[in-house]
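*Asks:* Below are the structure tokens for one structure; questions will follow.
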Amino acid sequence: MTKKDQQTLKEITQTIKQGFYQPDWNSLCRWQVPAWFREAKFGIFIHWGLYSIPAHANEWYPRNMYIKGREEFEWHRRTYGEQKDFGYKDFIPLFTAEKFSPQEWIQLFQEAGARYIFPVAEHHDGFAMYRSSISEYNAWDMGPHRDILGELRSEALRQGLYFCTSNHRAEHWFFMGHGKEFDSDVKEPLKRGDFYWPAMPEPDVMDLRSRPEPTEEFVTDWLLRVCEIIDRYQPSLLYFDWWVQHEAFREAFLKMAAYYYNRGLEWGKGTGICYKYDVMAFGSGIVEAERGGFRDAVPYVWQADTAIAKNSWCYTDALEYKTARQIICTLIETVCRNGNLLLNTGPKGDGSIPEDEARILKEIGAWLKVNGQAVYGTYPWRKCAEGPAVLPQGHFSEHEEISYTSRDVRFTAKGDKVFAFIMKWPENGKAVIRSMAKQSGQTTADFHGLIKKVFLLGAEKERVSWHQEEDGLHVECALITEITKLPVTVCVEVL
């Protein structure tokens, strides 16, 4: 460990010692969800790095290209030659990012209706997309010779978006390890600071105490890298992938969390950590669900993360895209259950946004421009859904597009308004919201209030008629526009 590292660790310890938050769960659970996050509802995740150059299979290409028997192993050899002659590190000079424009990216994300961005600072491959003083294998010293993270942060703040970032380095402990199993460019001796270091054997079963466990040297390096990102870029949120749940990271993770939350207080802004599974004690961070969510509304704010593509987080040569409607429905399903949606886009290796992804983002933005008031700043109503369509629950529970009927309705609320999303507008133009049926006496009901006005967002100029019956609130509007292809929002104002 260098003298500079030792000094940094002392500064981290001192900041924690003098701060409000201490490295234990009882202290960290005094944390509160930032107010802006509750309001934002929709953010953009960005997976972009060296893996975007081969653009093959998915973002785990750097691992799989070193595993004999994998399709990526053979594809790499056919395309670039044997791994001992052209390894993963040899993509660095090809990563020039000649078409990367942070202004165009952020403008597109604004148009999509996003309120925050979440670029990956470092993925499992170990190449930092930011200016680092810890490792020379970063986008400032190599490849594009640009501070990608810094440029995105500056532009996001300039255009009014919150800047957040994620770190996936923990998995680098084993990510390149298969390269040692044959004659490749992943060779011993490897030492801290090397691109492939430590390239340890991958556990057969990745549980909380898998062996070989990350060493103190590796974990300390992880802590220093994360704290460097915290200090240099002051992110509003941090995100960590699953491997930080390993027991070996426990002490360092607690220190990092206390340091980050204390730094947030120094900056005068709310911060938060998004985590999967039970990496953190409940209440000390933001619960994250990857490609999935909850069946019912929950009493705490959470985040779902998914991608525009079904089969990869990064750009590849064979992406299978979701439709804008499918993503909009996912956004609605998430928000009505008290969550935010973090939607991933994968730029091409040259830094340009794929046309299909840009088109989908703009379609989402056009819908949000009309229906945004039913999304931003809302909270769950007394029930989140009605109708036959049932949402699967848990991580990786999303599959094919859900088949909705005109009976499927989702709800949010804000102030004197209840918003009812009709997930499939009926062909006859007559929708029925059963949870808002006419009630009398002291009967138990989902809704037992006075309605002032009912109208459709984006169709205020259309003739809308409504009346309450014992089977529900009937809303009629003969829409003859493209709006009927997407969920339609009924706004119910109450007295």
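The chains in the structure tokens are called A, B, ... from first to last as shown; in each chain the residues are counted from 1, and the ligands are counted from 1 in the order shown.
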Leaving out region 26-30 of chain A and any residue of its chain fewer than 6 positions from it, which residues lie within 9 Å of it when counting only C-alpha atoms, given as a PDB file with C-alpha atoms, in the first residue's frame?
*Replies:*
```pdb
ATOM      1  CA  PHE A  20     -23.149  11.830  12.052  1.00  0.00           C
ATOM      2  CA  LEU A 254     -19.949  -0.269   6.296  1.00  0.00           C
ATOM      3  CA  ALA A 257     -21.577   3.767   3.496  1.00  0.00           C
ATOM      4  CA  ALA A 258     -20.812   5.865   6.585  1.00  0.00           C
ATOM      5  CA  TYR A 261     -23.546   9.501   3.856  1.00  0.00           C
ATOM      6  CA  ALA A 281     -29.757  -3.610   6.736  1.00  0.00           C
ATOM      7  CA  PHE A 282     -33.332  -2.760   5.790  1.00  0.00           C
ATOM      8  CA  GLY A 283     -33.849   0.992   6.087  1.00  0.00           C
ATOM      9  CA  SER A 284     -30.231   2.008   5.511  1.00  0.00           C
ATOM     10  CA  GLY A 285     -30.486   2.230   1.708  1.00  0.00           C
TER      11      GLY A 285
END
```
*Asks:* Considering only C-alpha atoms, return as a ChimeraX atom specification whatever protein or nucleic-acid residues lie within 12 Å of Trp425 (chain A), sequence-local ones (same chain, fewer than 3 positions apart) excluded.
*Replies:* /A:404-409,420-422,428-433,456,475-490
*Asks:* Quick one: write out the picked residues with C-alpha atoms as a CSV table (one decimal), in the first residue's frame?
*Replies:*
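The result, written out as again29.csv:
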```
chain,number,residue,atom,x,y,z
A,404,TYR,CA,-53.5,-6.7,-20.4
A,405,THR,CA,-57.3,-6.4,-20.8
A,406,SER,CA,-59.5,-3.4,-20.6
A,407,ARG,CA,-60.3,-4.5,-17.0
A,408,ASP,CA,-56.7,-4.0,-15.9
A,409,VAL,CA,-56.3,-0.7,-14.1
A,420,ALA,CA,-56.2,5.4,-12.9
A,421,PHE,CA,-54.2,4.0,-15.8
A,422,ILE,CA,-56.4,2.0,-18.1
A,428,ASN,CA,-65.8,0.8,-27.6
A,429,GLY,CA,-64.4,3.8,-25.7
A,430,LYS,CA,-66.1,2.8,-22.5
A,431,ALA,CA,-63.9,2.1,-19.5
A,432,VAL,CA,-65.1,0.9,-16.1
A,433,ILE,CA,-63.0,1.5,-13.0
A,456,LEU,CA,-58.5,11.9,-19.5
A,475,VAL,CA,-65.8,6.8,-18.2
A,476,GLU,CA,-66.6,7.2,-21.9
A,477,CYS,CA,-64.5,8.9,-24.5
A,478,ALA,CA,-64.4,8.0,-28.2
A,479,LEU,CA,-60.7,8.5,-28.7
A,480,ILE,CA,-59.6,8.2,-32.4
A,481,THR,CA,-56.0,8.8,-31.9
A,482,GLU,CA,-52.7,7.0,-31.4
A,483,ILE,CA,-53.2,7.5,-27.6
A,484,THR,CA,-55.3,4.3,-27.5
A,485,LYS,CA,-52.3,2.1,-28.3
A,486,LEU,CA,-50.7,3.0,-25.0
A,487,PRO,CA,-52.1,3.1,-21.4
A,488,VAL,CA,-54.6,5.9,-21.0
A,489,THR,CA,-54.8,7.9,-17.8
A,490,VAL,CA,-58.1,8.8,-16.2
```
*Asks:* If you run DSSP on the backbone here, which positions in region 227-322 of chain A get helix (DSSP H, G or I)? Please write them as an MDAnalysis selection string.
*Replies:* chainID A and resid 227:233 242:245 247:267
*Asks:* Only N, CA and C atoms, please: the residues just picked out, written as an mmCIF file, in the first residue's frame.
*Replies:*
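Ended up saving to part.cif:
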```cif
data_model
loop_
_atom_site.group_PDB
_atom_site.id
_atom_site.type_symbol
_atom_site.label_atom_id
_atom_site.label_comp_id
_atom_site.auth_asym_id
_atom_site.auth_seq_id
_atom_site.Cartn_x
_atom_site.Cartn_y
_atom_site.Cartn_z
ATOM 1 N N CYS A 227 -14.375 5.361 -2.799
ATOM 2 C CA CYS A 227 -14.271 6.657 -2.136
ATOM 3 C C CYS A 227 -13.688 7.716 -3.067
ATOM 4 N N GLU A 228 -12.849 7.301 -3.998
ATOM 5 C CA GLU A 228 -12.337 8.242 -4.999
ATOM 6 C C GLU A 228 -13.483 8.755 -5.870
ATOM 7 N N ILE A 229 -14.375 7.864 -6.262
ATOM 8 C CA ILE A 229 -15.542 8.264 -7.044
ATOM 9 C C ILE A 229 -16.426 9.202 -6.233
ATOM 10 N N ILE A 230 -16.629 8.869 -4.965
ATOM 11 C CA ILE A 230 -17.459 9.702 -4.090
ATOM 12 C C ILE A 230 -16.912 11.120 -4.014
ATOM 13 N N ASP A 231 -15.631 11.247 -3.759
ATOM 14 C CA ASP A 231 -15.035 12.564 -3.569
ATOM 15 C C ASP A 231 -14.921 13.359 -4.868
ATOM 16 N N ARG A 232 -14.609 12.684 -5.960
ATOM 17 C CA ARG A 232 -14.367 13.397 -7.219
ATOM 18 C C ARG A 232 -15.656 13.779 -7.925
ATOM 19 N N TYR A 233 -16.715 12.958 -7.784
ATOM 20 C CA TYR A 233 -17.915 13.192 -8.589
ATOM 21 C C TYR A 233 -19.180 13.475 -7.774
ATOM 22 N N TRP A 242 -24.383 -7.352 -7.030
ATOM 23 C CA TRP A 242 -24.634 -8.350 -5.991
ATOM 24 C C TRP A 242 -23.424 -8.847 -5.206
ATOM 25 N N TRP A 243 -22.205 -8.883 -5.764
ATOM 26 C CA TRP A 243 -21.085 -9.560 -5.100
ATOM 27 C C TRP A 243 -20.622 -8.864 -3.826
ATOM 28 N N VAL A 244 -20.981 -7.595 -3.627
ATOM 29 C CA VAL A 244 -20.595 -6.906 -2.388
ATOM 30 C C VAL A 244 -21.301 -7.488 -1.168
ATOM 31 N N GLN A 245 -22.234 -8.402 -1.393
ATOM 32 C CA GLN A 245 -22.874 -9.049 -0.252
ATOM 33 C C GLN A 245 -21.959 -10.073 0.416
ATOM 34 N N GLU A 247 -19.238 -11.821 2.617
ATOM 35 C CA GLU A 247 -18.804 -11.495 3.972
ATOM 36 C C GLU A 247 -17.500 -10.706 3.999
ATOM 37 N N ALA A 248 -16.617 -10.961 3.036
ATOM 38 C CA ALA A 248 -15.313 -10.299 3.020
ATOM 39 C C ALA A 248 -15.426 -8.779 2.860
ATOM 40 N N PHE A 249 -16.519 -8.302 2.264
ATOM 41 C CA PHE A 249 -16.689 -6.868 2.034
ATOM 42 C C PHE A 249 -17.390 -6.163 3.195
ATOM 43 N N ARG A 250 -17.860 -6.916 4.179
ATOM 44 C CA ARG A 250 -18.744 -6.341 5.179
ATOM 45 C C ARG A 250 -18.158 -5.116 5.876
ATOM 46 N N GLU A 251 -16.982 -5.216 6.443
ATOM 47 C CA GLU A 251 -16.405 -4.090 7.176
ATOM 48 C C GLU A 251 -16.151 -2.900 6.261
ATOM 49 N N ALA A 252 -15.593 -3.164 5.081
ATOM 50 C CA ALA A 252 -15.286 -2.088 4.142
ATOM 51 C C ALA A 252 -16.568 -1.429 3.642
ATOM 52 N N PHE A 253 -17.610 -2.232 3.422
ATOM 53 C CA PHE A 253 -18.871 -1.667 2.937
ATOM 54 C C PHE A 253 -19.480 -0.724 3.969
ATOM 55 N N LEU A 254 -19.433 -1.128 5.233
ATOM 56 C CA LEU A 254 -19.949 -0.269 6.296
ATOM 57 C C LEU A 254 -19.186 1.056 6.355
ATOM 58 N N LYS A 255 -17.871 0.981 6.213
ATOM 59 C CA LYS A 255 -17.058 2.203 6.211
ATOM 60 C C LYS A 255 -17.424 3.095 5.030
ATOM 61 N N MET A 256 -17.552 2.461 3.852
ATOM 62 C CA MET A 256 -17.898 3.221 2.659
ATOM 63 C C MET A 256 -19.240 3.920 2.825
ATOM 64 N N ALA A 257 -20.242 3.198 3.341
ATOM 65 C CA ALA A 257 -21.577 3.767 3.496
ATOM 66 C C ALA A 257 -21.567 4.946 4.463
ATOM 67 N N ALA A 258 -20.887 4.784 5.607
ATOM 68 C CA ALA A 258 -20.812 5.865 6.585
ATOM 69 C C ALA A 258 -20.073 7.068 6.002
ATOM 70 N N TYR A 259 -18.987 6.791 5.289
ATOM 71 C CA TYR A 259 -18.213 7.870 4.670
ATOM 72 C C TYR A 259 -19.068 8.623 3.653
ATOM 73 N N TYR A 260 -19.757 7.887 2.805
ATOM 74 C CA TYR A 260 -20.566 8.500 1.746
ATOM 75 C C TYR A 260 -21.719 9.324 2.316
ATOM 76 N N TYR A 261 -22.420 8.764 3.273
ATOM 77 C CA TYR A 261 -23.546 9.501 3.856
ATOM 78 C C TYR A 261 -23.063 10.742 4.609
ATOM 79 N N ASN A 262 -21.918 10.656 5.261
ATOM 80 C CA ASN A 262 -21.368 11.833 5.940
ATOM 81 C C ASN A 262 -20.917 12.890 4.937
ATOM 82 N N ARG A 263 -20.348 12.440 3.836
ATOM 83 C CA ARG A 263 -19.927 13.391 2.798
ATOM 84 C C ARG A 263 -21.160 14.081 2.208
ATOM 85 N N GLY A 264 -22.244 13.335 2.061
ATOM 86 C CA GLY A 264 -23.467 13.940 1.564
ATOM 87 C C GLY A 264 -23.964 15.065 2.461
ATOM 88 N N LEU A 265 -23.852 14.863 3.772
ATOM 89 C CA LEU A 265 -24.215 15.921 4.710
ATOM 90 C C LEU A 265 -23.307 17.132 4.545
ATOM 91 N N GLU A 266 -22.027 16.881 4.310
ATOM 92 C CA GLU A 266 -21.090 17.984 4.081
ATOM 93 C C GLU A 266 -21.445 18.752 2.813
ATOM 94 N N TRP A 267 -21.892 18.038 1.786
ATOM 95 C CA TRP A 267 -22.263 18.686 0.521
ATOM 96 C C TRP A 267 -23.606 19.395 0.619
#
```
*Asks:* Find the residues near Ser352 (chain A): any atom within 7 Å, counting only C-alpha atoms, skip ones fewer than 3 places away on the same chain, and give them as a VMD selection string.
*Replies:* chain A and resid 99 to 100 347 to 348
*Asks:* Could you write out the selected residues, including all heavy atoms, as an mmCIF file, in the first residue's frame?
*Replies:*
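Output file out-v8.cif follows:
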```cif
data_model
loop_
_atom_site.group_PDB
_atom_site.id
_atom_site.type_symbol
_atom_site.label_atom_id
_atom_site.label_comp_id
_atom_site.auth_asym_id
_atom_site.auth_seq_id
_atom_site.Cartn_x
_atom_site.Cartn_y
_atom_site.Cartn_z
ATOM 1 N N LYS A 99 -17.620 9.286 -31.251
ATOM 2 C CA LYS A 99 -18.946 9.886 -31.437
ATOM 3 C C LYS A 99 -19.646 10.182 -30.107
ATOM 4 O O LYS A 99 -20.831 10.506 -30.098
ATOM 5 C CB LYS A 99 -19.824 8.964 -32.293
ATOM 6 C CG LYS A 99 -19.322 8.807 -33.731
ATOM 7 C CD LYS A 99 -20.283 7.959 -34.553
ATOM 8 C CE LYS A 99 -19.778 7.819 -35.993
ATOM 9 N NZ LYS A 99 -20.697 6.992 -36.818
ATOM 10 N N PHE A 100 -18.898 10.100 -29.024
ATOM 11 C CA PHE A 100 -19.492 10.364 -27.710
ATOM 12 C C PHE A 100 -19.744 11.849 -27.535
ATOM 13 O O PHE A 100 -18.825 12.669 -27.614
ATOM 14 C CB PHE A 100 -18.558 9.861 -26.605
ATOM 15 C CG PHE A 100 -18.940 10.319 -25.220
ATOM 16 C CD1 PHE A 100 -20.201 10.055 -24.710
ATOM 17 C CD2 PHE A 100 -18.032 11.017 -24.427
ATOM 18 C CE1 PHE A 100 -20.559 10.473 -23.432
ATOM 19 C CE2 PHE A 100 -18.373 11.432 -23.147
ATOM 20 C CZ PHE A 100 -19.638 11.163 -22.656
ATOM 21 N N PRO A 347 -25.029 2.379 -25.201
ATOM 22 C CA PRO A 347 -24.454 3.048 -26.373
ATOM 23 C C PRO A 347 -23.502 2.129 -27.141
ATOM 24 O O PRO A 347 -22.950 1.177 -26.587
ATOM 25 C CB PRO A 347 -23.697 4.230 -25.757
ATOM 26 C CG PRO A 347 -24.338 4.452 -24.426
ATOM 27 C CD PRO A 347 -24.718 3.081 -23.950
ATOM 28 N N LYS A 348 -23.303 2.431 -28.410
ATOM 29 C CA LYS A 348 -22.350 1.682 -29.219
ATOM 30 C C LYS A 348 -20.930 1.999 -28.773
ATOM 31 O O LYS A 348 -20.679 2.977 -28.062
ATOM 32 C CB LYS A 348 -22.517 2.037 -30.696
ATOM 33 C CG LYS A 348 -23.832 1.580 -31.305
ATOM 34 C CD LYS A 348 -23.879 1.931 -32.797
ATOM 35 C CE LYS A 348 -25.164 1.436 -33.434
ATOM 36 N NZ LYS A 348 -25.218 1.770 -34.887
#
```
*Asks:* Report, in Å to a single decimal, how far apart CA of Glu39 (chain A) and CA of Thr378 (chain A) are.
*Replies:*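 Here the two named atoms are 7.0 Å from each other.
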*Asks:* Which residues are close to Ala289 (chain A), i.e. within 12 Å by only C-alpha atoms, leaving aside same-chain residues fewer than 4 positions away? Reply as a list in words.
*Replies:*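 The residues that qualify are Tyr239, Phe240, Asp241, Trp242, Cys274, Tyr275, Lys276, Tyr277, Asp278, Gly293, Phe294, Val301, Trp302, Gln303, Ala304, Asp305, Thr306, Thr334, Gly339, Asn340, Leu341, Leu342, Gln393, Gly394, His395, Phe396, Ser397 and Glu398 of chain A.
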*Asks:* Take the residues from that selection and write them out as a PDB file, in the first residue's frame, keeping C-alpha atoms.
*Replies:*
```pdb
ATOM      1  CA  TYR A 239     -25.457   1.524  -6.868  1.00  0.00           C
ATOM      2  CA  PHE A 240     -23.660  -1.775  -6.251  1.00  0.00           C
ATOM      3  CA  ASP A 241     -24.115  -5.118  -7.912  1.00  0.00           C
ATOM      4  CA  TRP A 242     -24.634  -8.350  -5.991  1.00  0.00           C
ATOM      5  CA  CYS A 274     -29.124   1.270  -4.004  1.00  0.00           C
ATOM      6  CA  TYR A 275     -28.547  -2.364  -3.087  1.00  0.00           C
ATOM      7  CA  LYS A 276     -29.713  -5.851  -4.045  1.00  0.00           C
ATOM      8  CA  TYR A 277     -30.816  -8.706  -1.838  1.00  0.00           C
ATOM      9  CA  ASP A 278     -29.777  -8.009   1.786  1.00  0.00           C
ATOM     10  CA  GLY A 293     -40.415  -6.087  -8.810  1.00  0.00           C
ATOM     11  CA  PHE A 294     -43.199  -6.600  -6.302  1.00  0.00           C
ATOM     12  CA  VAL A 301     -39.514   3.587  -1.701  1.00  0.00           C
ATOM     13  CA  TRP A 302     -37.591   1.158  -3.916  1.00  0.00           C
ATOM     14  CA  GLN A 303     -36.130   0.934  -7.401  1.00  0.00           C
ATOM     15  CA  ALA A 304     -36.536  -1.520 -10.268  1.00  0.00           C
ATOM     16  CA  ASP A 305     -33.792  -1.708 -12.862  1.00  0.00           C
ATOM     17  CA  THR A 306     -34.237  -3.179 -16.293  1.00  0.00           C
ATOM     18  CA  THR A 334     -43.387   0.104 -10.697  1.00  0.00           C
ATOM     19  CA  GLY A 339     -41.009   2.342  -6.858  1.00  0.00           C
ATOM     20  CA  ASN A 340     -38.776   4.163  -9.332  1.00  0.00           C
ATOM     21  CA  LEU A 341     -37.807   2.679 -12.688  1.00  0.00           C
ATOM     22  CA  LEU A 342     -34.156   2.753 -13.763  1.00  0.00           C
ATOM     23  CA  GLN A 393     -42.633 -11.046  -8.183  1.00  0.00           C
ATOM     24  CA  GLY A 394     -38.912 -11.048  -7.431  1.00  0.00           C
ATOM     25  CA  HIS A 395     -35.590 -10.521  -9.162  1.00  0.00           C
ATOM     26  CA  PHE A 396     -35.444 -11.623 -12.814  1.00  0.00           C
ATOM     27  CA  SER A 397     -39.191 -12.207 -12.883  1.00  0.00           C
ATOM     28  CA  GLU A 398     -39.866 -10.230 -16.050  1.00  0.00           C
TER      29      GLU A 398
END
```
*Asks:* Near region 355-367 of chain A, counting only C-alpha atoms, which residues have an atom at most 8 Å away, once you skip same-chain residues fewer than 5 positions from it, shown as a ChimeraX atom specification?
*Replies:* /A:108-109,111-113,308,323-325,327-328,345,372
*Asks:* Give the strand (DSSP E) residues of region 174-357 of chain A, as DSSP finds them on the backbone, and put them as a PyMOL selection string.
*Replies:* chain A and resi 237-240+272-275+286-290+302-307+339-345
*Asks:* Next, dump the selected residues to file, keeping only N, CA, C and O atoms, as an mmCIF file, in the first residue's frame.
*Replies:*
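Result file follows (out-v4.cif):
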```cif
data_model
loop_
_atom_site.group_PDB
_atom_site.id
_atom_site.type_symbol
_atom_site.label_atom_id
_atom_site.label_comp_id
_atom_site.auth_asym_id
_atom_site.auth_seq_id
_atom_site.Cartn_x
_atom_site.Cartn_y
_atom_site.Cartn_z
ATOM 1 N N LEU A 237 -26.617 9.361 -5.837
ATOM 2 C CA LEU A 237 -26.872 7.980 -5.446
ATOM 3 C C LEU A 237 -25.721 7.108 -5.902
ATOM 4 O O LEU A 237 -25.053 7.400 -6.905
ATOM 5 N N LEU A 238 -25.493 6.021 -5.177
ATOM 6 C CA LEU A 238 -24.561 4.982 -5.588
ATOM 7 C C LEU A 238 -25.339 3.675 -5.755
ATOM 8 O O LEU A 238 -26.357 3.456 -5.097
ATOM 9 N N TYR A 239 -24.839 2.827 -6.632
ATOM 10 C CA TYR A 239 -25.457 1.524 -6.868
ATOM 11 C C TYR A 239 -24.356 0.471 -6.872
ATOM 12 O O TYR A 239 -23.264 0.711 -7.410
ATOM 13 N N PHE A 240 -24.628 -0.679 -6.263
ATOM 14 C CA PHE A 240 -23.660 -1.775 -6.251
ATOM 15 C C PHE A 240 -24.331 -3.060 -6.705
ATOM 16 O O PHE A 240 -25.479 -3.331 -6.359
ATOM 17 N N GLY A 272 -27.945 8.421 -1.264
ATOM 18 C CA GLY A 272 -28.477 7.101 -0.951
ATOM 19 C C GLY A 272 -27.724 6.018 -1.676
ATOM 20 O O GLY A 272 -27.057 6.270 -2.690
ATOM 21 N N ILE A 273 -27.803 4.799 -1.160
ATOM 22 C CA ILE A 273 -27.154 3.637 -1.773
ATOM 23 C C ILE A 273 -28.221 2.648 -2.202
ATOM 24 O O ILE A 273 -29.060 2.229 -1.396
ATOM 25 N N CYS A 274 -28.200 2.278 -3.478
ATOM 26 C CA CYS A 274 -29.124 1.270 -4.004
ATOM 27 C C CYS A 274 -28.457 -0.092 -3.895
ATOM 28 O O CYS A 274 -27.315 -0.266 -4.319
ATOM 29 N N TYR A 275 -29.166 -1.065 -3.337
ATOM 30 C CA TYR A 275 -28.547 -2.364 -3.087
ATOM 31 C C TYR A 275 -29.503 -3.504 -3.411
ATOM 32 O O TYR A 275 -30.728 -3.352 -3.354
ATOM 33 N N ILE A 286 -31.616 1.994 -0.402
ATOM 34 C CA ILE A 286 -32.755 1.828 -1.310
ATOM 35 C C ILE A 286 -32.772 0.408 -1.859
ATOM 36 O O ILE A 286 -31.822 -0.029 -2.513
ATOM 37 N N VAL A 287 -33.849 -0.303 -1.600
ATOM 38 C CA VAL A 287 -33.999 -1.681 -2.076
ATOM 39 C C VAL A 287 -34.080 -1.677 -3.603
ATOM 40 O O VAL A 287 -34.808 -0.885 -4.198
ATOM 41 N N GLU A 288 -33.338 -2.582 -4.224
ATOM 42 C CA GLU A 288 -33.245 -2.666 -5.686
ATOM 43 C C GLU A 288 -33.758 -4.027 -6.154
ATOM 44 O O GLU A 288 -33.484 -5.060 -5.526
ATOM 45 N N ALA A 289 -34.508 -4.044 -7.247
ATOM 46 C CA ALA A 289 -34.983 -5.285 -7.852
ATOM 47 C C ALA A 289 -34.547 -5.307 -9.310
ATOM 48 O O ALA A 289 -34.958 -4.451 -10.089
ATOM 49 N N GLU A 290 -33.706 -6.274 -9.667
ATOM 50 C CA GLU A 290 -33.200 -6.354 -11.040
ATOM 51 C C GLU A 290 -34.151 -7.138 -11.930
ATOM 52 O O GLU A 290 -34.506 -8.273 -11.642
ATOM 53 N N TRP A 302 -38.536 2.129 -3.382
ATOM 54 C CA TRP A 302 -37.591 1.158 -3.916
ATOM 55 C C TRP A 302 -37.318 1.483 -5.381
ATOM 56 O O TRP A 302 -37.865 2.437 -5.922
ATOM 57 N N GLN A 303 -36.465 0.700 -5.997
ATOM 58 C CA GLN A 303 -36.130 0.934 -7.401
ATOM 59 C C GLN A 303 -36.056 -0.381 -8.165
ATOM 60 O O GLN A 303 -35.474 -1.353 -7.686
ATOM 61 N N ALA A 304 -36.658 -0.396 -9.350
ATOM 62 C CA ALA A 304 -36.536 -1.520 -10.268
ATOM 63 C C ALA A 304 -35.568 -1.115 -11.366
ATOM 64 O O ALA A 304 -35.626 0.015 -11.858
ATOM 65 N N ASP A 305 -34.664 -2.004 -11.728
ATOM 66 C CA ASP A 305 -33.792 -1.708 -12.862
ATOM 67 C C ASP A 305 -33.971 -2.767 -13.938
ATOM 68 O O ASP A 305 -34.024 -3.962 -13.661
ATOM 69 N N THR A 306 -34.094 -2.294 -15.152
ATOM 70 C CA THR A 306 -34.237 -3.179 -16.293
ATOM 71 C C THR A 306 -33.600 -2.497 -17.498
ATOM 72 O O THR A 306 -33.110 -1.381 -17.398
ATOM 73 N N ALA A 307 -33.633 -3.178 -18.644
ATOM 74 C CA ALA A 307 -32.974 -2.650 -19.834
ATOM 75 C C ALA A 307 -33.936 -2.552 -20.998
ATOM 76 O O ALA A 307 -34.959 -3.250 -21.045
ATOM 77 N N GLY A 339 -42.375 2.472 -6.382
ATOM 78 C CA GLY A 339 -41.009 2.342 -6.858
ATOM 79 C C GLY A 339 -40.625 3.350 -7.927
ATOM 80 O O GLY A 339 -41.466 4.064 -8.474
ATOM 81 N N ASN A 340 -39.335 3.421 -8.203
ATOM 82 C CA ASN A 340 -38.776 4.163 -9.332
ATOM 83 C C ASN A 340 -38.305 3.155 -10.368
ATOM 84 O O ASN A 340 -37.890 2.048 -10.021
ATOM 85 N N LEU A 341 -38.326 3.542 -11.636
ATOM 86 C CA LEU A 341 -37.807 2.679 -12.688
ATOM 87 C C LEU A 341 -36.497 3.241 -13.210
ATOM 88 O O LEU A 341 -36.426 4.398 -13.629
ATOM 89 N N LEU A 342 -35.454 2.408 -13.196
ATOM 90 C CA LEU A 342 -34.156 2.753 -13.763
ATOM 91 C C LEU A 342 -34.007 1.948 -15.048
ATOM 92 O O LEU A 342 -33.849 0.734 -15.011
ATOM 93 N N LEU A 343 -34.085 2.623 -16.178
ATOM 94 C CA LEU A 343 -34.086 1.975 -17.489
ATOM 95 C C LEU A 343 -32.720 2.091 -18.144
ATOM 96 O O LEU A 343 -32.204 3.191 -18.326
ATOM 97 N N ASN A 344 -32.154 0.956 -18.519
ATOM 98 C CA ASN A 344 -30.810 0.946 -19.083
ATOM 99 C C ASN A 344 -30.796 1.120 -20.593
ATOM 100 O O ASN A 344 -31.612 0.565 -21.317
ATOM 101 N N THR A 345 -29.811 1.905 -21.048
ATOM 102 C CA THR A 345 -29.499 2.017 -22.462
ATOM 103 C C THR A 345 -28.034 1.650 -22.658
ATOM 104 O O THR A 345 -27.206 1.893 -21.769
#
```
*Asks:* So the first atom is CA of Ser403 (chain A) and the second is CA of Glu320 (chain A); what is the distance between them in Å, to one decimal place?
*Replies:*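 Separation of CA of Ser403 (chain A) and CA of Glu320 (chain A): 18.8 Å.
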*Asks:* For the atom pair CA of Gly351 (chain A) and CA of Glu104 (chain A), what is the interatomic distance in Å to one decimal place?
*Replies:*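 Interatomic distance, CA of Gly351 (chain A) to CA of Glu104 (chain A): 10.4 Å.
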*Asks:* Smallest atom-to-atom distance to His123 (chain A): which of A:Arg169, A:Arg153, A:Lys417, A:Lys191, using only C-alpha atoms?
*Replies:*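 Going through A:Arg169, A:Arg153, A:Lys417, A:Lys191 one by one, the smallest distance to His123 (chain A) is for A:Arg169.
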